[in-house]
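Below you'll find the structure, written out as structure tokens, and then a few comments.
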Amino acid sequence: MHILGVRIDNFLKEEILEKIESFLGEEKLHRIATVNPEMVLLAQERDEFREVLNTCDLNVADGIGIKFAFLWQGGKLKCRFAGADLMHAVLGMAQKRGMDVFLAARKDGLSSWQETAAALRKKYPRIEFSGDNIDLRNLSSYRIPDAGYQLLLCSFGAPSQELFISRIKNDKIRLAIGIGGTFDFVTGKIRRAPLFMRVLGLEWLWRLALEPSYRAKRVLGAVMLFPFKIIFGKKYDA
């Protein structure tokens, strides 16, 4: 289904995991996006971003607003899969396969790739982690080092992470995923919402409480503007 022009793939959790397993078994790059209402709104403003999302190999729904958008359009979303949960599912697969992982962190972010790797090694000791802290001002010229890793996790936030992944030229990488602020959860610098809030789709409220000045504008769009555009989609969808 398309939500305001952005493709969302509607699969059960088991089907999503099966697709990812098949991606890891193929010797070519696959791109996954975890799409939330904020990203759908950004795609309304940026044609390049919308095109990048619509050409990903898999777009999973991340955010309660996507579920409601499906209902409004007469469908039923089979699975919401948050980027943080997806990352751990994929790392579990990578460890079983003996794959190496590259962590792309933003240079001005809370969590460096080194801190993230140190935290992840405690849970995935058989994975070899490498990475870089990347200046987002130099994304267009940045080239990922040519090493033996097969999985790339990018935690820049949208749309930078999806645009960055779309420009990757590396035949050894089999899967690249944009996972937003997940590295900060891994390092413990930002606490993730309690499970009951995640189940109810209230993670946005938790993040707003933790980071009011940073999140206010984004939450305003996701909680208020997104439903408005869904309801009046024919008038406002580009």
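All residue names refer to the structure tokens as shown: chains lettered A, B, ... in order, residues numbered from 1 in each chain, ligands numbered from 1 in order.
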Write out as a PyMOL selection string all residues of segment 97-238 of chain A that DSSP puts in strand (DSSP E) for this structure's backbone.
-> chain A and resi 101-106+129-134+151-154+175-178
Would you list the contacts of Ala119 of chain A as a compact mmCIF listing (two decimals) with all heavy atoms, in the first residue's frame, taking every protein, DNA or RNA residue within 12 Å and counting only C-alpha atoms, but skipping same-chain residues closer than 5 positions in sequence?
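Once written, selection.txt looks like this:
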```
# COMPACT_ATOMS: atom_id res chain seq x y z
N SER A 111 26.08 9.11 20.40
CA SER A 111 26.79 7.85 20.52
C SER A 111 27.73 7.62 19.34
O SER A 111 27.29 7.60 18.19
CB SER A 111 25.79 6.69 20.61
OG SER A 111 24.90 6.87 21.68
N SER A 112 29.00 7.45 19.62
CA SER A 112 29.97 7.15 18.57
C SER A 112 29.83 5.69 18.15
O SER A 112 29.24 4.87 18.88
CB SER A 112 31.39 7.40 19.08
OG SER A 112 31.73 6.45 20.08
N TRP A 113 30.42 5.36 17.02
CA TRP A 113 30.36 3.96 16.60
C TRP A 113 31.14 3.08 17.56
O TRP A 113 30.77 1.93 17.81
CB TRP A 113 30.86 3.80 15.17
CG TRP A 113 32.35 3.70 14.99
CD1 TRP A 113 33.22 4.69 14.68
CD2 TRP A 113 33.15 2.50 15.13
NE1 TRP A 113 34.51 4.21 14.61
CE2 TRP A 113 34.49 2.87 14.87
CE3 TRP A 113 32.87 1.17 15.43
CZ2 TRP A 113 35.54 1.95 14.92
CZ3 TRP A 113 33.91 0.26 15.48
CH2 TRP A 113 35.22 0.64 15.22
N GLN A 114 32.22 3.61 18.15
CA GLN A 114 33.03 2.83 19.09
C GLN A 114 32.22 2.48 20.34
O GLN A 114 32.28 1.34 20.84
CB GLN A 114 34.29 3.60 19.48
CG GLN A 114 35.27 3.81 18.33
CD GLN A 114 35.08 5.15 17.62
OE1 GLN A 114 33.99 5.72 17.63
NE2 GLN A 114 36.14 5.67 17.04
N TYR A 124 26.52 -9.68 21.16
CA TYR A 124 26.86 -10.39 19.92
C TYR A 124 28.39 -10.54 19.84
O TYR A 124 29.05 -9.91 19.02
CB TYR A 124 26.33 -9.62 18.70
CG TYR A 124 24.86 -9.29 18.80
CD1 TYR A 124 24.43 -8.02 19.20
CD2 TYR A 124 23.89 -10.25 18.54
CE1 TYR A 124 23.09 -7.72 19.31
CE2 TYR A 124 22.53 -9.96 18.65
CZ TYR A 124 22.14 -8.69 19.04
OH TYR A 124 20.80 -8.40 19.14
N PRO A 125 28.94 -11.40 20.69
CA PRO A 125 30.41 -11.49 20.79
C PRO A 125 31.09 -12.08 19.56
O PRO A 125 32.30 -11.89 19.38
CB PRO A 125 30.61 -12.40 22.01
CG PRO A 125 29.34 -13.20 22.10
CD PRO A 125 28.26 -12.27 21.66
N PHE A 129 32.76 -5.92 14.67
CA PHE A 129 32.20 -4.61 14.37
C PHE A 129 33.30 -3.65 13.94
O PHE A 129 34.38 -3.60 14.54
CB PHE A 129 31.50 -4.03 15.60
CG PHE A 129 30.23 -4.73 15.98
CD1 PHE A 129 30.22 -5.70 16.98
CD2 PHE A 129 29.03 -4.43 15.34
CE1 PHE A 129 29.06 -6.35 17.34
CE2 PHE A 129 27.86 -5.07 15.70
CZ PHE A 129 27.87 -6.04 16.70
N PHE A 183 21.24 3.73 18.01
CA PHE A 183 22.54 3.62 18.68
C PHE A 183 22.49 4.23 20.08
O PHE A 183 23.16 3.76 21.00
CB PHE A 183 23.64 4.33 17.86
CG PHE A 183 24.04 3.60 16.60
CD1 PHE A 183 25.01 4.14 15.77
CD2 PHE A 183 23.47 2.39 16.24
CE1 PHE A 183 25.40 3.48 14.61
CE2 PHE A 183 23.85 1.73 15.08
CZ PHE A 183 24.82 2.29 14.26
N ASP A 184 21.69 5.29 20.24
CA ASP A 184 21.58 5.92 21.56
C ASP A 184 20.86 5.02 22.56
O ASP A 184 21.13 5.07 23.76
CB ASP A 184 20.84 7.25 21.44
CG ASP A 184 21.61 8.27 20.61
OD1 ASP A 184 22.85 8.18 20.56
OD2 ASP A 184 20.96 9.14 20.00
N PHE A 185 19.94 4.18 22.08
CA PHE A 185 19.31 3.18 22.95
C PHE A 185 20.34 2.13 23.36
O PHE A 185 20.39 1.69 24.50
CB PHE A 185 18.15 2.49 22.24
CG PHE A 185 17.00 3.38 21.88
CD1 PHE A 185 16.21 3.12 20.77
CD2 PHE A 185 16.68 4.48 22.66
CE1 PHE A 185 15.15 3.93 20.43
CE2 PHE A 185 15.60 5.30 22.33
CZ PHE A 185 14.84 5.02 21.22
N VAL A 186 21.16 1.71 22.38
CA VAL A 186 22.16 0.67 22.62
C VAL A 186 23.15 1.10 23.69
O VAL A 186 23.50 0.33 24.59
CB VAL A 186 22.89 0.31 21.31
CG1 VAL A 186 24.08 -0.60 21.59
CG2 VAL A 186 21.94 -0.36 20.32
N THR A 187 23.61 2.34 23.61
CA THR A 187 24.61 2.83 24.57
C THR A 187 23.99 3.27 25.88
O THR A 187 24.71 3.54 26.85
CB THR A 187 25.40 4.02 23.97
OG1 THR A 187 24.48 5.10 23.70
CG2 THR A 187 26.12 3.61 22.70
N GLY A 188 22.68 3.38 25.93
CA GLY A 188 22.00 3.80 27.15
C GLY A 188 21.97 5.30 27.35
O GLY A 188 21.57 5.78 28.41
N LYS A 189 22.38 6.06 26.33
CA LYS A 189 22.37 7.52 26.48
C LYS A 189 20.96 8.10 26.39
O LYS A 189 20.70 9.20 26.88
CB LYS A 189 23.29 8.15 25.43
CG LYS A 189 24.75 7.75 25.66
CD LYS A 189 25.71 8.60 24.87
CE LYS A 189 27.14 8.26 25.23
NZ LYS A 189 28.12 9.14 24.55
```
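Here the question is which of A:Arg97, A:Lys122, A:Arg50, A:Lys67 gets nearest to Ala158 of chain A using only C-alpha atoms, and that residue is A:Arg50.
Closest approach to Asp100 of chain A among A:Lys172, A:Arg167, A:Arg207, A:Arg137 is made by A:Lys172 (distances from only C-alpha atoms).
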Show which residues sit within 8 Å of Leu163 of chain A, as a compact mmCIF listing (two decimals) with all heavy atoms, in the first residue's frame. Count only C-alpha atoms, and ignore same-chain residues fewer than 4 positions away.
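So the final result, stored in selection00.txt, reads:
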```txt
# COMPACT_ATOMS: atom_id res chain seq x y z
N PHE A 49 13.98 12.00 -1.80
CA PHE A 49 13.78 11.13 -0.65
C PHE A 49 12.65 10.15 -0.90
O PHE A 49 12.75 8.96 -0.61
CB PHE A 49 13.50 11.98 0.59
CG PHE A 49 13.32 11.18 1.85
CD1 PHE A 49 14.19 10.15 2.18
CD2 PHE A 49 12.29 11.49 2.74
CE1 PHE A 49 14.03 9.41 3.35
CE2 PHE A 49 12.13 10.77 3.91
CZ PHE A 49 12.99 9.73 4.22
N VAL A 52 13.86 7.47 -3.21
CA VAL A 52 14.75 6.53 -2.51
C VAL A 52 13.93 5.54 -1.70
O VAL A 52 14.19 4.32 -1.72
CB VAL A 52 15.74 7.30 -1.61
CG1 VAL A 52 16.39 6.36 -0.60
CG2 VAL A 52 16.81 7.97 -2.45
N PRO A 159 16.21 12.37 6.64
CA PRO A 159 16.39 11.53 5.46
C PRO A 159 17.85 11.19 5.16
O PRO A 159 18.13 10.49 4.20
CB PRO A 159 15.81 12.39 4.35
CG PRO A 159 16.18 13.79 4.75
CD PRO A 159 16.07 13.81 6.26
N ARG A 167 23.37 5.65 -1.97
CA ARG A 167 24.54 5.97 -2.80
C ARG A 167 25.69 4.99 -2.58
O ARG A 167 26.77 5.18 -3.13
CB ARG A 167 25.00 7.39 -2.49
CG ARG A 167 23.95 8.45 -2.82
CD ARG A 167 24.36 9.82 -2.35
NE ARG A 167 23.29 10.79 -2.57
CZ ARG A 167 22.93 11.71 -1.69
NH1 ARG A 167 23.57 11.80 -0.53
NH2 ARG A 167 21.94 12.56 -1.96
```
Could you tell me which of A:Ala193, A:Leu4, A:Leu58, A:Met99 comes closest to Gly25 of chain A if we count only C-alpha atoms?
-> A:Met99
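Among the candidate residues A:Gln150, A:Ser160, A:Asn138, A:Gln73, the one lying nearest to Ile179 of chain A is A:Ser160, with distances computed using only C-alpha atoms.
Around Leu153 of chain A, within 6 Å and counting only C-alpha atoms, the residues found are A:Leu103, A:Ala176, A:Ile177, once anything fewer than 3 positions away on its own chain is removed.
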Compile the contact shell of Arg106 of chain A as a VMD selection string: residues with an atom at most 9 Å away, counting only C-alpha atoms, same-chain residues fewer than 6 positions apart removed.
-> chain A and resid 112 to 113 132 to 136 154 to 157
Have a look at A:Leu195, A:Ala69, A:Leu110, A:Leu86 and name the one nearest to Phe228 of chain A; count only C-alpha atoms.
-> A:Ala69
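Closest approach to Gly74 of chain A from the set A:Met1, A:Ile32, A:Leu208, A:Ile165 is made by A:Met1, with distances taken over only C-alpha atoms.
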Would you kindly return, as a PyMOL selection string, each protein, DNA or RNA residue with an atom no farther than 9 Å from any atom of Ser166 of chain A, considering only C-alpha atoms and excluding same-chain residues fewer than 3 positions away?
-> chain A and resi 31+52+56+161-163+169
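The coordinates place atom CA of Ile230 of chain A at 26.0 Å from atom CA of Ala84 of chain A.
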Record the distance separating atom CA of Val101 of chain A and atom CA of Ala43 of chain A, expressed in Å with one decimal.
-> 28.5 Å
Would you mind listing what lies within 10 Å of Glu26 of chain A as a PyMOL selection string, with only C-alpha atoms counted and same-chain residues fewer than 5 positions away left out?
-> chain A and resi 21+173-175
With N, CA, C and O atoms retained, export the selected residues as a JSON list (two decimals), in the first residue's frame.
```json
[["chain", "number", "residue", "atom", "x", "y", "z"],
["A", 21, "GLU", "N", 16.31, -12.82, 5.79],
["A", 21, "GLU", "CA", 17.18, -14.00, 5.69],
["A", 21, "GLU", "C", 17.59, -14.24, 4.24],
["A", 21, "GLU", "O", 18.75, -14.54, 3.95],
["A", 173, "ILE", "N", 28.62, -5.64, 0.69],
["A", 173, "ILE", "CA", 27.52, -5.40, 1.62],
["A", 173, "ILE", "C", 26.23, -6.02, 1.07],
["A", 173, "ILE", "O", 25.82, -5.74, -0.04],
["A", 174, "ARG", "N", 25.61, -6.85, 1.89],
["A", 174, "ARG", "CA", 24.38, -7.52, 1.45],
["A", 174, "ARG", "C", 23.12, -6.83, 1.96],
["A", 174, "ARG", "O", 22.06, -6.98, 1.39],
["A", 175, "LEU", "N", 23.26, -6.10, 3.05],
["A", 175, "LEU", "CA", 22.08, -5.45, 3.63],
["A", 175, "LEU", "C", 22.48, -4.16, 4.32],
["A", 175, "LEU", "O", 23.44, -4.12, 5.09]]
```
Filtered DSSP result for segment 2-164 of chain A, state helix (DSSP H, G or I), as a count of residues only | 73
